[in-house]
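All remarks here apply to the structure that follows.
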Amino acid sequence: MEIDHKCAYGPCQCKVAQLGEYCSDHCSQADKLRAETTQCSCGHEACKAADSI
């Protein structure tokens, strides 16, 4: 799968495959619940790195 774009969940920094929308179920559910946060807690490296800045 080719990595193409950012996860659809706003605070998430992960890249997803061309046909995917979210990097994980966590982000899919958070987006559906309209979670109001500035940080993503999906646990992937891209978001862990962004949290430490």
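By order of appearance in the structure tokens: chains A, B, ..., then residues from 1 within every chain, and ligands from 1 in the order shown.
Residues with any atom within 8 Å of region 6-17 of chain A, counting only C-alpha atoms and excluding same-chain neighbours fewer than 3 positions away, are Met1, Glu2, Ile3, Gly20, Glu21, Tyr22, Cys23, Cys27, Ser28, Ala30, Asp31, Thr37, Thr38, Gln39, Cys40, Cys42, His44, Ala46, Cys47 and Ala50 of chain A.
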ask   = Got a sec to tell me which of chain A DSSP assigns to alpha helix (DSSP H), as a PyMOL selection string?
value = chain A and resi 25-32+45-51
task = From chain A, collect each residue whose DSSP state is strand (DSSP E or B) and return the set as a ChimeraX atom specification.
result = /A:3-6,15-17
Output all heavy atoms for every residue in that selection, as a PDB file, in the first residue's frame.
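Contents of selection.pdb, as written:
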```pdb
ATOM      1  N   ILE A   3       1.657   5.030   0.918  1.00  0.00           N
ATOM      2  CA  ILE A   3       1.287   6.049   1.893  1.00  0.00           C
ATOM      3  C   ILE A   3       0.971   7.330   1.123  1.00  0.00           C
ATOM      4  O   ILE A   3       1.765   7.786   0.310  1.00  0.00           O
ATOM      5  CB  ILE A   3       2.417   6.289   2.907  1.00  0.00           C
ATOM      6  CG1 ILE A   3       2.770   4.990   3.635  1.00  0.00           C
ATOM      7  CG2 ILE A   3       2.043   7.383   3.895  1.00  0.00           C
ATOM      8  CD1 ILE A   3       1.642   4.364   4.411  1.00  0.00           C
ATOM      9  N   ASP A   4      -0.195   7.895   1.383  1.00  0.00           N
ATOM     10  CA  ASP A   4      -0.658   8.973   0.525  1.00  0.00           C
ATOM     11  C   ASP A   4      -1.042  10.263   1.241  1.00  0.00           C
ATOM     12  O   ASP A   4      -0.772  11.334   0.747  1.00  0.00           O
ATOM     13  CB  ASP A   4      -1.861   8.460  -0.286  1.00  0.00           C
ATOM     14  CG  ASP A   4      -2.298   9.420  -1.364  1.00  0.00           C
ATOM     15  OD1 ASP A   4      -1.454   9.864  -2.144  1.00  0.00           O
ATOM     16  OD2 ASP A   4      -3.503   9.732  -1.402  1.00  0.00           O
ATOM     17  N   HIS A   5      -1.679  10.172   2.389  1.00  0.00           N
ATOM     18  CA  HIS A   5      -2.209  11.385   3.016  1.00  0.00           C
ATOM     19  C   HIS A   5      -2.320  11.228   4.533  1.00  0.00           C
ATOM     20  O   HIS A   5      -2.169  10.147   5.065  1.00  0.00           O
ATOM     21  CB  HIS A   5      -3.575  11.745   2.425  1.00  0.00           C
ATOM     22  CG  HIS A   5      -4.582  10.654   2.554  1.00  0.00           C
ATOM     23  ND1 HIS A   5      -4.678   9.615   1.663  1.00  0.00           N
ATOM     24  CD2 HIS A   5      -5.529  10.426   3.486  1.00  0.00           C
ATOM     25  CE1 HIS A   5      -5.651   8.794   2.045  1.00  0.00           C
ATOM     26  NE2 HIS A   5      -6.178   9.262   3.144  1.00  0.00           N
ATOM     27  N   LYS A   6      -2.621  12.335   5.213  1.00  0.00           N
ATOM     28  CA  LYS A   6      -2.745  12.375   6.663  1.00  0.00           C
ATOM     29  C   LYS A   6      -4.058  11.737   7.109  1.00  0.00           C
ATOM     30  O   LYS A   6      -5.058  11.806   6.419  1.00  0.00           O
ATOM     31  CB  LYS A   6      -2.692  13.843   7.104  1.00  0.00           C
ATOM     32  CG  LYS A   6      -2.675  14.063   8.600  1.00  0.00           C
ATOM     33  CD  LYS A   6      -2.628  15.539   8.892  1.00  0.00           C
ATOM     34  CE  LYS A   6      -3.647  16.042   9.865  1.00  0.00           C
ATOM     35  NZ  LYS A   6      -4.570  15.219  10.502  1.00  0.00           N
ATOM     36  N   LYS A  15       0.298   9.201   8.787  1.00  0.00           N
ATOM     37  CA  LYS A  15       0.016   9.060   7.361  1.00  0.00           C
ATOM     38  C   LYS A  15      -0.731   7.746   7.162  1.00  0.00           C
ATOM     39  O   LYS A  15      -0.496   6.780   7.881  1.00  0.00           O
ATOM     40  CB  LYS A  15       1.314   9.036   6.546  1.00  0.00           C
ATOM     41  CG  LYS A  15       2.130  10.295   6.672  1.00  0.00           C
ATOM     42  CD  LYS A  15       1.467  11.437   5.971  1.00  0.00           C
ATOM     43  CE  LYS A  15       2.362  12.674   6.012  1.00  0.00           C
ATOM     44  NZ  LYS A  15       1.798  13.802   5.326  1.00  0.00           N
ATOM     45  N   VAL A  16      -1.647   7.718   6.211  1.00  0.00           N
ATOM     46  CA  VAL A  16      -2.430   6.514   5.952  1.00  0.00           C
ATOM     47  C   VAL A  16      -2.311   6.097   4.490  1.00  0.00           C
ATOM     48  O   VAL A  16      -1.944   6.895   3.630  1.00  0.00           O
ATOM     49  CB  VAL A  16      -3.918   6.692   6.323  1.00  0.00           C
ATOM     50  CG1 VAL A  16      -4.087   6.917   7.801  1.00  0.00           C
ATOM     51  CG2 VAL A  16      -4.542   7.842   5.566  1.00  0.00           C
ATOM     52  N   ALA A  17      -2.653   4.841   4.238  1.00  0.00           N
ATOM     53  CA  ALA A  17      -2.601   4.299   2.885  1.00  0.00           C
ATOM     54  C   ALA A  17      -3.587   5.020   1.972  1.00  0.00           C
ATOM     55  O   ALA A  17      -4.576   5.599   2.430  1.00  0.00           O
ATOM     56  CB  ALA A  17      -2.909   2.812   2.913  1.00  0.00           C
TER      57      ALA A  17
END
```
